[in-house]
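Asker: You'll find work-v2.cif just under this line, and it carries mmCIF, N, CA and C atoms.
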```cif
data_model
#
loop_
_atom_site.label_atom_id
_atom_site.label_comp_id
_atom_site.auth_asym_id
_atom_site.auth_seq_id
_atom_site.Cartn_x
_atom_site.Cartn_y
_atom_site.Cartn_z
N MET A 1 0.85 -1.17 0.00
CA MET A 1 0.00 0.00 0.00
C MET A 1 0.90 1.24 0.00
N VAL A 2 0.65 2.16 -0.90
CA VAL A 2 1.46 3.38 -0.98
C VAL A 2 0.56 4.61 -0.94
N THR A 3 1.08 5.68 -0.36
CA THR A 3 0.35 6.94 -0.33
C THR A 3 0.55 7.67 -1.66
N PRO A 4 -0.31 8.64 -1.95
CA PRO A 4 -0.12 9.41 -3.19
C PRO A 4 1.25 10.11 -3.25
N LEU A 5 1.76 10.57 -2.11
CA LEU A 5 3.06 11.22 -2.07
C LEU A 5 4.16 10.25 -2.49
N PHE A 6 4.14 9.05 -1.93
CA PHE A 6 5.14 8.03 -2.28
C PHE A 6 5.06 7.72 -3.78
N HIS A 7 3.86 7.49 -4.27
CA HIS A 7 3.66 7.14 -5.68
C HIS A 7 4.16 8.27 -6.60
N ARG A 8 3.83 9.50 -6.27
CA ARG A 8 4.21 10.65 -7.09
C ARG A 8 5.73 10.81 -7.14
N ARG A 9 6.37 10.70 -5.98
CA ARG A 9 7.83 10.87 -5.94
C ARG A 9 8.55 9.74 -6.66
N LYS A 10 8.03 8.53 -6.54
CA LYS A 10 8.66 7.41 -7.23
C LYS A 10 8.49 7.57 -8.74
N LYS A 11 7.32 8.00 -9.16
CA LYS A 11 7.04 8.16 -10.58
C LYS A 11 7.94 9.22 -11.22
N LYS A 12 8.25 10.28 -10.48
CA LYS A 12 9.08 11.37 -11.00
C LYS A 12 10.57 11.02 -10.98
N ALA A 13 10.95 9.96 -10.27
CA ALA A 13 12.36 9.59 -10.15
C ALA A 13 12.87 8.97 -11.46
N SER A 14 14.18 9.00 -11.62
CA SER A 14 14.80 8.36 -12.78
C SER A 14 14.58 6.85 -12.71
N ARG A 15 14.74 6.19 -13.85
CA ARG A 15 14.51 4.75 -13.90
C ARG A 15 15.46 4.00 -12.95
N SER A 16 16.72 4.42 -12.88
CA SER A 16 17.66 3.74 -11.99
C SER A 16 17.29 3.95 -10.52
N LEU A 17 16.79 5.14 -10.19
CA LEU A 17 16.35 5.39 -8.82
C LEU A 17 15.07 4.60 -8.52
N GLN A 18 14.19 4.47 -9.49
CA GLN A 18 12.98 3.65 -9.30
C GLN A 18 13.36 2.21 -8.96
N LYS A 19 14.37 1.68 -9.63
CA LYS A 19 14.83 0.32 -9.33
C LYS A 19 15.41 0.24 -7.93
N ALA A 20 16.16 1.26 -7.52
CA ALA A 20 16.72 1.30 -6.17
C ALA A 20 15.61 1.38 -5.12
N ILE A 21 14.56 2.14 -5.42
CA ILE A 21 13.41 2.23 -4.51
C ILE A 21 12.72 0.88 -4.41
N ASP A 22 12.54 0.20 -5.54
CA ASP A 22 11.93 -1.13 -5.53
C ASP A 22 12.74 -2.11 -4.69
N THR A 23 14.06 -2.03 -4.79
CA THR A 23 14.94 -2.89 -3.99
C THR A 23 14.78 -2.57 -2.50
N ALA A 24 14.70 -1.29 -2.17
CA ALA A 24 14.52 -0.88 -0.77
C ALA A 24 13.17 -1.38 -0.24
N VAL A 25 12.13 -1.28 -1.05
CA VAL A 25 10.80 -1.75 -0.64
C VAL A 25 10.83 -3.25 -0.40
N ARG A 26 11.49 -4.00 -1.28
CA ARG A 26 11.58 -5.46 -1.09
C ARG A 26 12.35 -5.79 0.19
N THR A 27 13.40 -5.01 0.48
CA THR A 27 14.17 -5.21 1.71
C THR A 27 13.29 -4.98 2.93
N ILE A 28 12.48 -3.94 2.89
CA ILE A 28 11.57 -3.64 4.01
C ILE A 28 10.52 -4.73 4.16
N LEU A 29 9.96 -5.19 3.05
CA LEU A 29 8.95 -6.25 3.11
C LEU A 29 9.52 -7.54 3.67
N ALA A 30 10.80 -7.82 3.39
CA ALA A 30 11.45 -9.02 3.90
C ALA A 30 11.70 -8.93 5.40
N ASP A 31 11.99 -7.72 5.89
CA ASP A 31 12.26 -7.50 7.32
C ASP A 31 11.71 -6.14 7.72
N PRO A 32 10.42 -6.07 8.09
CA PRO A 32 9.78 -4.79 8.39
C PRO A 32 10.41 -4.01 9.55
N LEU A 33 11.14 -4.66 10.41
CA LEU A 33 11.75 -3.97 11.55
C LEU A 33 13.10 -3.36 11.22
N ILE A 34 13.52 -3.43 9.96
CA ILE A 34 14.84 -2.94 9.55
C ILE A 34 14.96 -1.43 9.67
N GLY A 35 13.88 -0.71 9.49
CA GLY A 35 13.92 0.75 9.55
C GLY A 35 14.07 1.27 10.97
N THR A 36 14.55 2.49 11.07
CA THR A 36 14.73 3.14 12.37
C THR A 36 13.41 3.76 12.81
N PRO A 37 12.93 3.39 14.03
CA PRO A 37 11.68 4.01 14.51
C PRO A 37 11.91 5.47 14.89
N LYS A 38 10.97 6.31 14.55
CA LYS A 38 11.07 7.73 14.86
C LYS A 38 10.27 8.05 16.13
N VAL A 39 10.58 9.18 16.74
CA VAL A 39 9.91 9.59 17.98
C VAL A 39 9.30 10.97 17.79
N GLY A 40 8.59 11.41 18.79
CA GLY A 40 7.98 12.74 18.74
C GLY A 40 6.80 12.78 17.79
N VAL A 41 6.78 13.80 16.96
CA VAL A 41 5.67 14.01 16.02
C VAL A 41 5.54 12.83 15.05
N LEU A 42 6.65 12.21 14.72
CA LEU A 42 6.65 11.10 13.76
C LEU A 42 6.60 9.73 14.43
N LYS A 43 6.13 9.67 15.66
CA LYS A 43 6.04 8.40 16.37
C LYS A 43 5.18 7.43 15.56
N GLY A 44 5.66 6.20 15.44
CA GLY A 44 4.94 5.19 14.67
C GLY A 44 5.46 5.05 13.25
N VAL A 45 6.30 5.99 12.84
CA VAL A 45 6.88 5.96 11.49
C VAL A 45 8.27 5.34 11.59
N ARG A 46 8.61 4.52 10.62
CA ARG A 46 9.95 3.95 10.52
C ARG A 46 10.57 4.47 9.24
N VAL A 47 11.90 4.63 9.25
CA VAL A 47 12.60 5.14 8.08
C VAL A 47 13.76 4.21 7.74
N PHE A 48 13.79 3.79 6.48
CA PHE A 48 14.88 2.96 5.95
C PHE A 48 15.73 3.83 5.04
N LYS A 49 17.05 3.80 5.25
CA LYS A 49 17.96 4.62 4.46
C LYS A 49 18.70 3.75 3.46
N PHE A 50 18.91 4.30 2.26
CA PHE A 50 19.71 3.61 1.25
C PHE A 50 20.45 4.64 0.41
N MET A 51 21.53 4.20 -0.21
CA MET A 51 22.35 5.08 -1.03
C MET A 51 22.08 4.82 -2.50
N HIS A 52 22.07 5.90 -3.28
CA HIS A 52 21.94 5.78 -4.74
C HIS A 52 22.76 6.89 -5.37
N GLN A 53 23.74 6.51 -6.15
CA GLN A 53 24.63 7.45 -6.84
C GLN A 53 25.22 8.49 -5.88
N GLY A 54 25.65 8.03 -4.72
CA GLY A 54 26.31 8.90 -3.76
C GLY A 54 25.40 9.76 -2.90
N LEU A 55 24.09 9.64 -3.08
CA LEU A 55 23.15 10.40 -2.26
C LEU A 55 22.38 9.45 -1.35
N GLU A 56 22.07 9.94 -0.15
CA GLU A 56 21.28 9.15 0.78
C GLU A 56 19.80 9.42 0.54
N TYR A 57 19.04 8.34 0.36
CA TYR A 57 17.59 8.43 0.18
C TYR A 57 16.93 7.73 1.35
N LEU A 58 15.70 8.13 1.64
CA LEU A 58 14.96 7.55 2.75
C LEU A 58 13.59 7.09 2.28
N VAL A 59 13.12 6.00 2.88
CA VAL A 59 11.77 5.50 2.65
C VAL A 59 11.08 5.49 4.01
N ALA A 60 9.96 6.20 4.12
CA ALA A 60 9.19 6.24 5.36
C ALA A 60 8.00 5.31 5.23
N TYR A 61 7.74 4.56 6.29
CA TYR A 61 6.63 3.62 6.29
C TYR A 61 6.13 3.40 7.71
N ARG A 62 4.96 2.82 7.81
CA ARG A 62 4.37 2.46 9.11
C ARG A 62 4.16 0.95 9.15
N LEU A 63 4.18 0.40 10.34
CA LEU A 63 3.84 -1.01 10.52
C LEU A 63 2.43 -1.06 11.09
N GLU A 64 1.52 -1.67 10.38
CA GLU A 64 0.16 -1.85 10.87
C GLU A 64 -0.05 -3.34 11.08
N MET A 65 0.34 -3.80 12.27
CA MET A 65 0.32 -5.23 12.57
C MET A 65 -1.09 -5.82 12.53
N ARG A 66 -2.05 -5.09 13.05
CA ARG A 66 -3.42 -5.61 13.08
C ARG A 66 -3.96 -5.86 11.69
N LYS A 67 -3.67 -4.94 10.78
CA LYS A 67 -4.15 -5.07 9.40
C LYS A 67 -3.20 -5.89 8.53
N ARG A 68 -2.01 -6.18 9.10
CA ARG A 68 -0.96 -6.88 8.35
C ARG A 68 -0.61 -6.12 7.07
N GLN A 69 -0.41 -4.82 7.23
CA GLN A 69 -0.07 -3.96 6.11
C GLN A 69 1.14 -3.11 6.45
N ILE A 70 1.82 -2.70 5.42
CA ILE A 70 2.92 -1.75 5.56
C ILE A 70 2.67 -0.61 4.58
N PRO A 71 2.01 0.45 5.02
CA PRO A 71 1.81 1.59 4.13
C PRO A 71 3.12 2.38 3.97
N PHE A 72 3.51 2.59 2.73
CA PHE A 72 4.70 3.38 2.43
C PHE A 72 4.27 4.83 2.29
N LEU A 73 4.85 5.70 3.11
CA LEU A 73 4.40 7.09 3.21
C LEU A 73 5.11 8.04 2.27
N ALA A 74 6.43 7.92 2.18
CA ALA A 74 7.20 8.86 1.37
C ALA A 74 8.55 8.28 1.01
N VAL A 75 9.14 8.82 -0.03
CA VAL A 75 10.49 8.46 -0.44
C VAL A 75 11.15 9.72 -0.99
N GLY A 76 12.44 9.86 -0.71
CA GLY A 76 13.13 11.03 -1.23
C GLY A 76 14.50 11.20 -0.62
N PRO A 77 15.23 12.21 -1.09
CA PRO A 77 16.55 12.48 -0.51
C PRO A 77 16.41 13.03 0.90
N HIS A 78 17.50 12.98 1.64
CA HIS A 78 17.47 13.38 3.05
C HIS A 78 17.10 14.85 3.22
N GLU A 79 17.47 15.68 2.27
CA GLU A 79 17.22 17.12 2.39
C GLU A 79 15.72 17.41 2.53
N ASN A 80 15.34 18.02 3.63
CA ASN A 80 13.96 18.41 3.94
C ASN A 80 12.98 17.23 4.01
N PHE A 81 13.47 16.02 4.07
CA PHE A 81 12.61 14.84 4.08
C PHE A 81 11.69 14.83 5.30
N TYR A 82 12.26 15.02 6.48
CA TYR A 82 11.47 14.94 7.71
C TYR A 82 10.49 16.11 7.82
N ARG A 83 10.90 17.28 7.37
CA ARG A 83 10.00 18.43 7.38
C ARG A 83 8.78 18.16 6.50
N ASP A 84 9.02 17.67 5.30
CA ASP A 84 7.92 17.37 4.38
C ASP A 84 7.05 16.23 4.91
N LEU A 85 7.68 15.25 5.53
CA LEU A 85 6.94 14.11 6.08
C LEU A 85 6.03 14.57 7.22
N GLN A 86 6.51 15.46 8.07
CA GLN A 86 5.69 15.99 9.17
C GLN A 86 4.45 16.68 8.63
N ARG A 87 4.60 17.41 7.56
CA ARG A 87 3.46 18.12 6.98
C ARG A 87 2.41 17.15 6.44
N ARG A 88 2.84 16.00 5.98
CA ARG A 88 1.93 15.05 5.34
C ARG A 88 1.27 14.08 6.31
N THR A 89 1.87 13.92 7.51
CA THR A 89 1.31 12.94 8.46
C THR A 89 0.56 13.61 9.58
#
```
Show me this structure written as structure tokens.
Answerer:
Amino acid sequence: MVTPLFHRRKKKASRSLQKAIDTAVRTILADPLIGTPKVGVLKGVRVFKFMHQGLEYLVAYRLEMRKRQIPFLAVGPHENFYRDLQRRT
């Protein structure tokens, strides 16, 4: 399950970055606890970091154990990532 923000940012990314995002998503699906849990305003959100062409990218997601779902919230470079994520959640 992906949010419109995640879908839009992935769609606008280059093809090589889209493949890197797909790899990151598969990694998260294989081990949902791999991401770092956030605190404060972003409590309940986990963030997985990966590198692509020398830049650090982040994938934000939630674990919904009761529904057995992992909604992917956002993806993007580290710059302003948390600020934008706070506005959307």
Asker: Between A:Leu73, A:Tyr82, A:Leu63, A:Ala24, which is the closest to Gly44 of chain A once you count only N, CA and C atoms?
Answerer: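 The shortest atom-to-atom distance to Gly44 of chain A comes from A:Leu63.
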Asker: Determine the residue set returned by the PyMOL selection byres (((chain A and resi 36 and name CA) around 9) and name CA) for the present structure, and present it as a PyMOL selection string.
Answerer: chain A and resi 33-35+37-38+45-49
Asker: When you draw a straight line from atom CA of Ser16 of chain A to atom CA of Gln86 of chain A, how long is it in Å?
Answerer: 27.2 Å
Asker: For a test of reading the model, state the distance in Å between atom CA of Lys19 of chain A and atom C of Pro71 of chain A, rounded to one decimal.
Answerer: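 One can read the atom CA of Lys19 of chain A to atom C of Pro71 of chain A distance as 17.8 Å.
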Asker: Suppose a student applies the PyMOL selection byres ((chain A and resi 5-13) around 5) to this structure; what residues should they get, written as a JSON list (two decimals) with N, CA and C atoms, keeping the file's coordinate frame?
Answerer:
```json
[["chain", "number", "residue", "atom", "x", "y", "z"],
["A", 3, "THR", "N", 1.08, 5.68, -0.36],
["A", 3, "THR", "CA", 0.35, 6.94, -0.33],
["A", 3, "THR", "C", 0.55, 7.67, -1.66],
["A", 4, "PRO", "N", -0.31, 8.64, -1.95],
["A", 4, "PRO", "CA", -0.12, 9.41, -3.19],
["A", 4, "PRO", "C", 1.25, 10.11, -3.25],
["A", 14, "SER", "N", 14.18, 9.00, -11.62],
["A", 14, "SER", "CA", 14.80, 8.36, -12.78],
["A", 14, "SER", "C", 14.58, 6.85, -12.71],
["A", 15, "ARG", "N", 14.74, 6.19, -13.85],
["A", 15, "ARG", "CA", 14.51, 4.75, -13.90],
["A", 15, "ARG", "C", 15.46, 4.00, -12.95],
["A", 73, "LEU", "N", 4.85, 5.70, 3.11],
["A", 73, "LEU", "CA", 4.40, 7.09, 3.21],
["A", 73, "LEU", "C", 5.11, 8.04, 2.27],
["A", 74, "ALA", "N", 6.43, 7.92, 2.18],
["A", 74, "ALA", "CA", 7.20, 8.86, 1.37],
["A", 74, "ALA", "C", 8.55, 8.28, 1.01],
["A", 75, "VAL", "N", 9.14, 8.82, -0.03],
["A", 75, "VAL", "CA", 10.49, 8.46, -0.44],
["A", 75, "VAL", "C", 11.15, 9.72, -0.99]]
```
